[in-house]
>>> print(open('final-v8.csv').read())   # CSV, C-alpha atoms
chain,number,residue,atom,x,y,z
A,1,MET,CA,-24.0,130.4,28.4
A,2,HIS,CA,-26.6,130.3,25.7
A,3,ASN,CA,-26.3,127.7,23.1
A,4,PHE,CA,-27.4,128.6,19.6
A,5,GLY,CA,-30.6,126.7,19.2
A,6,PHE,CA,-33.4,126.0,16.7
A,7,ILE,CA,-35.3,129.2,17.7
A,8,ASP,CA,-32.2,131.4,17.0
A,9,GLY,CA,-31.8,130.0,13.5
A,10,LEU,CA,-35.5,130.3,12.8
A,11,LEU,CA,-35.4,134.0,13.9
A,12,ARG,CA,-32.5,134.7,11.6
A,13,TRP,CA,-34.3,132.9,8.7
A,14,LEU,CA,-37.6,134.8,9.3
A,15,THR,CA,-35.7,138.1,9.5
A,16,SER,CA,-33.9,137.6,6.2
A,17,MET,CA,-37.2,136.4,4.7
A,18,MET,CA,-38.8,139.7,5.8
A,19,LEU,CA,-35.8,141.6,4.4
A,20,VAL,CA,-35.8,140.0,1.0
A,21,LEU,CA,-39.6,139.8,0.5
A,22,GLY,CA,-40.0,143.3,1.9
A,23,THR,CA,-37.5,144.6,-0.7
A,24,TYR,CA,-39.2,142.8,-3.6
A,25,ASN,CA,-41.9,140.2,-4.0
A,26,PRO,CA,-44.2,139.5,-6.9
A,27,TYR,CA,-47.5,139.3,-5.0
A,28,ALA,CA,-48.1,142.1,-2.4
A,29,MET,CA,-46.7,145.3,-1.1
A,30,SER,CA,-43.0,145.7,-1.2
A,31,TYR,CA,-40.4,148.5,-1.3
A,32,TYR,CA,-40.1,148.1,-5.0
A,33,GLN,CA,-43.8,148.5,-5.7
A,34,TRP,CA,-44.0,151.4,-3.2
A,35,LEU,CA,-41.2,153.1,-5.2
A,36,HIS,CA,-42.9,152.5,-8.6
A,37,GLU,CA,-46.6,152.9,-8.0
A,38,TYR,CA,-47.0,155.5,-5.2
A,39,PRO,CA,-45.7,159.0,-5.9
A,40,GLY,CA,-44.5,161.4,-3.2
A,41,GLN,CA,-42.8,160.7,0.1
A,42,ILE,CA,-39.3,161.0,-1.5
A,43,PRO,CA,-37.3,161.6,1.7
A,44,LEU,CA,-38.9,158.6,3.5
A,45,LYS,CA,-38.3,156.4,0.4
A,46,ILE,CA,-34.7,157.4,0.4
A,47,THR,CA,-34.3,156.6,4.1
A,48,VAL,CA,-36.0,153.3,3.9
A,49,GLY,CA,-34.0,152.4,0.8
A,50,VAL,CA,-30.7,153.2,2.6
A,51,VAL,CA,-31.8,151.1,5.6
A,52,LEU,CA,-32.6,148.2,3.3
A,53,LEU,CA,-29.3,148.6,1.5
A,54,ILE,CA,-27.4,148.5,4.8
A,55,LEU,CA,-29.3,145.4,5.9
A,56,HIS,CA,-28.6,143.7,2.6
A,57,VAL,CA,-24.9,144.6,2.7
A,58,VAL,CA,-24.7,143.2,6.3
A,59,ALA,CA,-26.4,140.0,5.3
A,60,ILE,CA,-24.4,139.5,2.1
A,61,LEU,CA,-21.0,140.2,3.8
A,62,SER,CA,-21.7,137.9,6.7
A,63,SER,CA,-22.9,135.2,4.4
A,64,VAL,CA,-19.8,135.4,2.2
A,65,ARG,CA,-17.5,135.6,5.2
A,66,SER,CA,-19.0,132.6,7.1
A,67,LEU,CA,-19.9,130.3,4.1
A,68,GLY,CA,-17.4,131.3,1.5
A,69,LEU,CA,-18.0,130.8,-2.2
A,70,ILE,CA,-17.8,127.0,-1.9
A,71,GLY,CA,-20.5,127.0,0.8
A,72,ILE,CA,-22.8,129.3,-1.1
A,73,GLY,CA,-22.4,127.2,-4.2
A,74,LEU,CA,-23.2,124.0,-2.3
A,75,LEU,CA,-26.2,125.5,-0.5
A,76,THR,CA,-27.5,126.9,-3.8
A,77,ALA,CA,-27.2,123.5,-5.4
A,78,LEU,CA,-29.0,122.0,-2.4
A,79,PHE,CA,-31.9,124.4,-2.5
A,80,ALA,CA,-32.2,124.3,-6.2
A,81,SER,CA,-32.4,120.5,-6.1
A,82,GLY,CA,-34.9,120.7,-3.3
A,83,ALA,CA,-37.1,123.0,-5.5
A,84,TRP,CA,-36.6,120.5,-8.3
A,85,VAL,CA,-37.9,117.7,-6.1
A,86,LEU,CA,-41.0,119.9,-5.3
A,87,ILE,CA,-41.5,120.7,-9.0
A,88,ASP,CA,-41.1,117.0,-9.9
A,89,ASN,CA,-43.9,116.1,-7.5
A,90,HIS,CA,-46.2,118.8,-8.7
A,91,LEU,CA,-46.0,120.8,-5.5
A,92,LEU,CA,-44.6,123.9,-7.1
A,93,ASN,CA,-45.8,125.3,-10.4
A,94,VAL,CA,-43.0,127.3,-11.9
A,95,GLU,CA,-44.9,127.8,-15.2
A,96,ASP,CA,-46.3,130.8,-13.3
A,97,PRO,CA,-43.5,133.5,-13.5
A,98,ARG,CA,-44.6,134.9,-10.1
A,99,VAL,CA,-44.1,131.5,-8.4
A,100,PHE,CA,-40.7,131.2,-10.1
A,101,THR,CA,-39.6,134.6,-8.8
A,102,LEU,CA,-40.8,133.8,-5.4
A,103,THR,CA,-38.9,130.6,-5.4
A,104,LEU,CA,-35.7,132.4,-6.2
A,105,LEU,CA,-36.3,135.0,-3.5
A,106,VAL,CA,-37.0,132.3,-0.9
A,107,ILE,CA,-33.7,130.6,-1.9
A,108,LEU,CA,-31.9,133.9,-1.5
A,109,ALA,CA,-33.5,134.6,1.9
A,110,THR,CA,-32.6,131.0,3.1
A,111,LEU,CA,-29.0,131.6,2.0
A,112,TYR,CA,-29.0,134.8,4.1
A,113,GLY,CA,-30.5,133.0,7.0
A,114,VAL,CA,-28.0,130.1,6.8
A,115,GLY,CA,-25.1,132.6,6.3
A,116,LEU,CA,-26.1,134.5,9.4
A,117,SER,CA,-26.4,131.2,11.4
A,118,TRP,CA,-23.5,129.2,10.1
A,119,SER,CA,-20.7,130.7,12.3
A,120,HIS,CA,-22.9,130.0,15.4
A,121,LEU,CA,-23.6,126.4,14.2
A,122,ARG,CA,-19.9,125.7,13.5
A,123,ASN,CA,-19.1,126.9,17.0
A,124,ARG,CA,-21.8,124.8,18.5
A,125,LEU,CA,-20.9,121.7,16.5
A,126,SER,CA,-17.1,121.8,16.6
A,127,GLY,CA,-16.0,124.5,19.0
A,128,GLN,CA,-14.2,126.4,16.3
A,129,VAL,CA,-14.6,130.1,16.1
A,130,ASP,CA,-14.9,132.1,12.9
A,131,SER,CA,-13.1,135.4,13.0
A,132,THR,CA,-12.2,138.3,10.8
A,133,ASP,CA,-8.7,139.7,10.9
A,134,VAL,CA,-9.5,143.4,11.0
A,135,THR,CA,-5.8,144.5,10.9
A,136,PHE,CA,-5.6,142.8,7.5
A,137,ASN,CA,-7.8,144.7,5.0
A,138,SER,CA,-9.7,142.0,3.4
A,139,PRO,CA,-12.2,142.9,0.7
A,140,VAL,CA,-15.1,141.4,2.7
B,141,MET,CA,-22.3,135.3,23.7
B,142,ALA,CA,-18.9,133.8,23.2
B,143,ARG,CA,-16.9,135.3,26.0
B,144,LEU,CA,-13.3,134.4,25.9
B,145,ASP,CA,-12.8,134.4,29.7
B,146,LEU,CA,-15.6,131.8,30.3
B,147,ASN,CA,-14.5,128.2,30.4
B,148,PRO,CA,-17.4,126.2,31.5
B,149,PRO,CA,-17.2,122.5,32.3
B,150,VAL,CA,-17.7,120.2,29.4
B,151,GLN,CA,-19.8,117.0,29.5
B,152,PHE,CA,-17.2,114.8,27.8
B,153,ILE,CA,-19.2,111.7,27.4
B,154,SER,CA,-22.2,113.3,25.8
B,155,LEU,CA,-19.8,115.5,23.8
B,156,PHE,CA,-18.0,112.6,22.2
B,157,ALA,CA,-21.1,110.4,22.0
B,158,ASN,CA,-23.2,113.0,20.2
B,159,ARG,CA,-20.5,113.8,17.6
B,160,ILE,CA,-19.5,110.2,17.0
B,161,LEU,CA,-23.2,109.3,16.6
B,162,LEU,CA,-23.6,112.2,14.1
B,163,SER,CA,-20.6,111.2,12.0
B,164,SER,CA,-21.6,107.5,12.2
B,165,LEU,CA,-25.0,108.5,10.8
B,166,LEU,CA,-23.3,110.2,7.9
B,167,VAL,CA,-20.8,107.4,7.2
B,168,PHE,CA,-23.2,104.5,7.5
B,169,GLY,CA,-25.9,106.5,5.7
B,170,THR,CA,-23.6,106.9,2.8
B,171,TYR,CA,-22.5,103.3,2.6
B,172,ASN,CA,-22.8,100.2,4.7
B,173,PRO,CA,-22.8,96.5,3.8
B,174,SER,CA,-26.3,95.7,5.0
B,175,GLY,CA,-27.9,96.9,1.8
B,176,ASN,CA,-29.8,100.0,3.1
B,177,SER,CA,-27.7,103.0,2.3
B,178,TYR,CA,-27.4,105.8,-0.2
B,179,HIS,CA,-25.0,103.8,-2.3
B,180,HIS,CA,-27.4,100.9,-2.6
B,181,TRP,CA,-30.3,103.3,-3.3
B,182,LEU,CA,-28.2,104.7,-6.2
B,183,MET,CA,-27.4,101.2,-7.5
B,184,ARG,CA,-31.1,100.1,-7.5
B,185,THR,CA,-32.2,102.6,-10.1
B,186,GLU,CA,-30.8,102.9,-13.6
B,187,THR,CA,-30.9,106.6,-14.0
B,188,LEU,CA,-30.4,109.3,-11.3
B,189,THR,CA,-33.7,110.5,-9.9
B,190,VAL,CA,-34.4,113.9,-8.5
B,191,PRO,CA,-34.6,112.9,-4.8
B,192,GLN,CA,-31.3,111.1,-5.2
B,193,VAL,CA,-29.7,114.2,-6.4
B,194,PHE,CA,-31.1,116.2,-3.4
B,195,VAL,CA,-30.0,113.7,-0.8
B,196,GLY,CA,-26.7,113.3,-2.5
B,197,ILE,CA,-26.0,117.0,-2.3
B,198,MET,CA,-27.1,117.0,1.3
B,199,LEU,CA,-24.7,114.1,2.2
B,200,PHE,CA,-21.9,115.8,0.2
B,201,ILE,CA,-22.4,119.0,2.3
B,202,GLY,CA,-22.4,116.9,5.5
B,203,TRP,CA,-19.2,115.2,4.4
B,204,VAL,CA,-17.5,118.5,3.4
B,205,THR,CA,-18.4,120.2,6.7
B,206,MET,CA,-17.7,117.4,9.1
B,207,ALA,CA,-14.5,116.2,7.5
B,208,ARG,CA,-13.2,119.7,7.2
B,209,MET,CA,-14.0,120.6,10.8
B,210,ALA,CA,-12.4,117.4,12.0
B,211,PHE,CA,-9.3,117.9,9.9
B,212,LEU,CA,-8.9,121.5,10.9
B,213,SER,CA,-9.1,120.5,14.6
B,214,ILE,CA,-6.8,117.5,14.7
B,215,GLY,CA,-4.8,117.6,11.5
B,216,TYR,CA,-2.6,114.8,10.1
B,217,PHE,CA,-1.2,114.2,13.6
B,218,GLY,CA,-4.6,113.6,15.2
B,219,VAL,CA,-5.8,111.3,12.4
B,220,GLY,CA,-2.6,109.3,12.8
B,221,ALA,CA,-2.8,109.3,16.6
B,222,ILE,CA,-6.4,108.1,16.6
B,223,SER,CA,-5.7,105.4,14.0
B,224,LEU,CA,-2.7,104.3,16.0
B,225,MET,CA,-4.9,104.1,19.1
B,226,VAL,CA,-7.3,101.8,17.3
B,227,LEU,CA,-4.5,99.6,16.2
B,228,MET,CA,-2.9,99.6,19.6
B,229,GLY,CA,-6.3,98.7,21.1
B,230,ILE,CA,-6.4,95.6,18.9
B,231,THR,CA,-2.8,94.7,19.8
B,232,PHE,CA,-3.2,95.2,23.5
B,233,GLY,CA,-6.5,93.3,23.4
B,234,VAL,CA,-4.5,90.4,22.0
B,235,GLY,CA,-1.6,90.9,24.4
B,236,LEU,CA,-3.9,90.9,27.4
B,237,ASP,CA,-5.6,87.8,26.2
B,238,PHE,CA,-9.0,89.4,25.7
B,239,PHE,CA,-9.1,87.8,22.2
B,240,ALA,CA,-6.8,86.0,19.8
B,241,PHE,CA,-5.3,87.4,16.6
B,242,GLU,CA,-7.2,84.8,14.6
B,243,ASP,CA,-10.5,86.3,15.9
B,244,VAL,CA,-9.6,89.8,14.7
B,245,ARG,CA,-11.3,90.5,11.4
B,246,ILE,CA,-10.9,93.9,9.7
B,247,THR,CA,-14.5,94.0,8.4
B,248,THR,CA,-16.1,96.8,6.4
B,249,TYR,CA,-18.1,97.7,9.5
B,250,LEU,CA,-14.8,98.2,11.5
B,251,VAL,CA,-13.3,100.4,8.8
B,252,LEU,CA,-16.5,102.5,8.5
B,253,PHE,CA,-16.6,102.9,12.3
B,254,TRP,CA,-13.0,103.8,12.3
B,255,ILE,CA,-13.7,106.7,9.8
B,256,ALA,CA,-16.7,107.8,11.9
B,257,LEU,CA,-14.6,107.7,15.1
B,258,VAL,CA,-11.9,109.9,13.5
B,259,MET,CA,-14.5,112.4,12.3
B,260,GLY,CA,-16.4,112.4,15.6
B,261,ILE,CA,-13.3,112.9,17.8
B,262,GLY,CA,-12.0,115.5,15.4
B,263,THR,CA,-15.1,117.6,15.7
B,264,SER,CA,-15.1,117.2,19.5
B,265,TRP,CA,-11.4,118.0,19.9
B,266,SER,CA,-11.7,121.8,19.9
B,267,PHE,CA,-14.0,121.7,23.0
B,268,VAL,CA,-11.5,119.4,24.8
B,269,GLN,CA,-8.6,121.6,24.0
B,270,LYS,CA,-10.5,124.7,25.1
B,271,ARG,CA,-11.3,123.0,28.4
B,272,ILE,CA,-7.9,121.7,29.2
B,273,SER,CA,-5.6,124.4,28.0
B,274,GLY,CA,-7.8,127.4,27.2
B,275,GLU,CA,-6.7,127.6,23.6
B,276,ARG,CA,-9.4,128.2,21.0
B,277,ASP,CA,-9.3,127.0,17.4
B,278,VAL,CA,-9.9,130.1,15.3
B,279,LEU,CA,-10.5,130.3,11.6
B,280,ARG,CA,-9.0,133.5,10.5
B,281,ASN,CA,-10.1,133.4,6.9
B,282,PRO,CA,-13.3,131.4,7.0
B,283,PRO,CA,-13.8,129.7,3.7
>>> encode(input="final-v8.csv", output="structure tokens")
Amino acid sequence: MHNFGFIDGLLRWLTSMMLVLGTYNPYAMSYYQWLHEYPGQIPLKITVGVVLLILHVVAILSSVRSLGLIGIGLLTALFASGAWVLIDNHLLNVEDPRVFTLTLLVILATLYGVGLSWSHLRNRLSGQVDSTDVTFNSPV
Amino acid sequence: MARLDLNPPVQFISLFANRILLSSLLVFGTYNPSGNSYHHWLMRTETLTVPQVFVGIMLFIGWVTMARMAFLSIGYFGVGAISLMVLMGITFGVGLDFFAFEDVRITTYLVLFWIALVMGIGTSWSFVQKRISGERDVLRNPP
């Protein structure tokens, strides 16, 4: 038996970080910039785009399934107030639009990471199992 | 990872102790009469500061998750049963001459620990049920 530990959560968070920032980030190379600034390589761009789309759909659906709208709302409020604490203490300069965009992207990536970990955490903490009834065609 | 046919032994003491400790941390961190709690921190300042909002949301998330998990596991019956056990413990303590009724004081600490006990046992109960009868608590439509 393998318990869901800190490393597993960290791996999920880092993976969703790579996914979100690899799709778009305001500083360095990302899929978005590759699409806009480098011509050619159309088939490769389409393939990578579809792979990124699939990964985003997987992350979004599992986040919505395991956290629900209430959980996503609460976590967004938590991360937003955390960012507010940093801004208030002059640790984050959101006057710069690039930093602001990066903050939003990091919040999104952390939401993905928590969404992918939450069912494991719930099982570890309370022994309850999240499941999806596949005979009932739920929208998510 | 989560195989349904596996039913490993459960360390009951550490199971209950960890979860009761966690819920006590939440309950006593939110309010306790000693003067060092989130409630007293809020009372000390006139306006709401930013770190207070952050910690408040964190505590709120903790309360929502812990209370909901506990209630989903044990329900009204479990909450009633644990409360009854606390009351019967007091009654039997008096009946067995461990202490007198005059010495029993329902203090704020007792009530807070009572809440923490219900939440802690509630979050542990699914493990106990899985171990003794093999039944899993499953959330079909996770919220």
>>> closest_atom_pairs(input="final-v8.csv", of="chain A", to="chain B", cutoff="6 Å", atoms="only C-alpha atoms", output="CSV")
residue,atom,partner,partner_atom,distance
A:Ser66,CA,B:Pro282,CA,5.8
A:Gly68,CA,B:Pro283,CA,4.5
A:Leu78,CA,B:Ile197,CA,5.8
A:Ser81,CA,B:Phe194,CA,5.2
A:Gly82,CA,B:Phe194,CA,5.9
A:Val85,CA,B:Val190,CA,5.7
A:Ser126,CA,B:Thr263,CA,4.7
A:Gly127,CA,B:Ser266,CA,5.2
A:Gln128,CA,B:Asp277,CA,5.1
A:Val129,CA,B:Val278,CA,4.8
A:Asp130,CA,B:Leu279,CA,4.9
A:Ser131,CA,B:Arg280,CA,5.2
A:Thr132,CA,B:Arg280,CA,5.8
>>> atom_distance(input="final-v8.csv", atom1="CA of Gly9 (chain A)", atom2="CA of Asn123 (chain A)")
13.5 Å
>>> closest_residue(input="final-v8.csv", among="A:Leu10, A:Trp118, A:Thr101, A:Leu91", to="Arg65 (chain A)", atoms="all atoms listed in the file")
A:Trp118
>>> atom_distance(input="final-v8.csv", atom1="CA of Leu227 (chain B)", atom2="CA of Tyr249 (chain B)")
15.3 Å
>>> residues_around(input="final-v8.csv", residues="Val51 (chain A)", least_positions_apart="5", cutoff="12 Å", atoms="only C-alpha atoms", output="list in words")
Leu19, Gly22, Thr23, Tyr31, Leu44, Lys45, Ile46, His56, Val57 and Val58 of chain A
>>> atom_distance(input="final-v8.csv", atom1="CA of Phe168 (chain B)", atom2="CA of Phe253 (chain B)")
8.3 Å
>>> residues_around(input="final-v8.csv", residues="Thr15 (chain A)", least_positions_apart="5", cutoff="9 Å", atoms="all atoms listed in the file", output="MDAnalysis selection string")
chainID A and resid 10 20 109 113
>>> decode(input="final-v8.csv", residues="region 59-82 of chain A", atoms="N, CA and C atoms", output="tab-separated table (two decimals), in the first residue's frame")
chain	number	residue	atom	x	y	z
A	59	ALA	N	-7.30	17.70	-16.82
A	59	ALA	CA	-7.08	18.43	-15.56
A	59	ALA	C	-8.35	19.15	-15.13
A	60	ILE	N	-9.03	19.81	-16.07
A	60	ILE	CA	-10.22	20.58	-15.69
A	60	ILE	C	-11.32	19.64	-15.22
A	61	LEU	N	-11.54	18.54	-15.96
A	61	LEU	CA	-12.63	17.64	-15.57
A	61	LEU	C	-12.36	17.01	-14.21
A	62	SER	N	-11.09	16.58	-13.97
A	62	SER	CA	-10.86	15.95	-12.66
A	62	SER	C	-10.92	16.98	-11.54
A	63	SER	N	-10.53	18.23	-11.83
A	63	SER	CA	-10.67	19.26	-10.79
A	63	SER	C	-12.13	19.51	-10.48
A	64	VAL	N	-12.96	19.65	-11.53
A	64	VAL	CA	-14.38	19.91	-11.28
A	64	VAL	C	-15.02	18.74	-10.57
A	65	ARG	N	-14.64	17.51	-10.97
A	65	ARG	CA	-15.24	16.35	-10.33
A	65	ARG	C	-14.86	16.23	-8.87
A	66	SER	N	-13.58	16.45	-8.56
A	66	SER	CA	-13.18	16.18	-7.18
A	66	SER	C	-13.41	17.37	-6.26
A	67	LEU	N	-13.31	18.59	-6.76
A	67	LEU	CA	-13.50	19.74	-5.88
A	67	LEU	C	-14.93	20.27	-5.92
A	68	GLY	N	-15.55	20.23	-7.09
A	68	GLY	CA	-16.85	20.83	-7.21
A	68	GLY	C	-16.75	22.34	-7.32
A	69	LEU	N	-17.86	22.96	-7.63
A	69	LEU	CA	-17.84	24.41	-7.81
A	69	LEU	C	-17.54	25.11	-6.50
A	70	ILE	N	-18.08	24.56	-5.38
A	70	ILE	CA	-17.84	25.18	-4.07
A	70	ILE	C	-16.36	25.13	-3.73
A	71	GLY	N	-15.75	23.97	-3.94
A	71	GLY	CA	-14.32	23.84	-3.63
A	71	GLY	C	-13.47	24.74	-4.48
A	72	ILE	N	-13.79	24.82	-5.78
A	72	ILE	CA	-13.01	25.69	-6.66
A	72	ILE	C	-13.15	27.14	-6.23
A	73	GLY	N	-14.40	27.52	-5.86
A	73	GLY	CA	-14.61	28.89	-5.40
A	73	GLY	C	-13.82	29.20	-4.15
A	74	LEU	N	-13.87	28.26	-3.17
A	74	LEU	CA	-13.14	28.49	-1.91
A	74	LEU	C	-11.64	28.56	-2.15
A	75	LEU	N	-11.12	27.66	-2.99
A	75	LEU	CA	-9.67	27.65	-3.22
A	75	LEU	C	-9.24	28.91	-3.96
A	76	THR	N	-10.05	29.35	-4.92
A	76	THR	CA	-9.71	30.59	-5.63
A	76	THR	C	-9.67	31.76	-4.66
A	77	ALA	N	-10.67	31.79	-3.74
A	77	ALA	CA	-10.66	32.86	-2.74
A	77	ALA	C	-9.40	32.78	-1.89
A	78	LEU	N	-9.01	31.55	-1.51
A	78	LEU	CA	-7.81	31.37	-0.67
A	78	LEU	C	-6.56	31.87	-1.40
A	79	PHE	N	-6.39	31.44	-2.66
A	79	PHE	CA	-5.17	31.84	-3.38
A	79	PHE	C	-5.18	33.33	-3.67
A	80	ALA	N	-6.38	33.87	-3.98
A	80	ALA	CA	-6.45	35.30	-4.25
A	80	ALA	C	-6.08	36.10	-3.01
A	81	SER	N	-6.57	35.65	-1.83
A	81	SER	CA	-6.22	36.39	-0.62
A	81	SER	C	-4.76	36.19	-0.26
A	82	GLY	N	-4.20	35.00	-0.61
A	82	GLY	CA	-2.76	34.80	-0.41
A	82	GLY	C	-1.95	35.76	-1.26
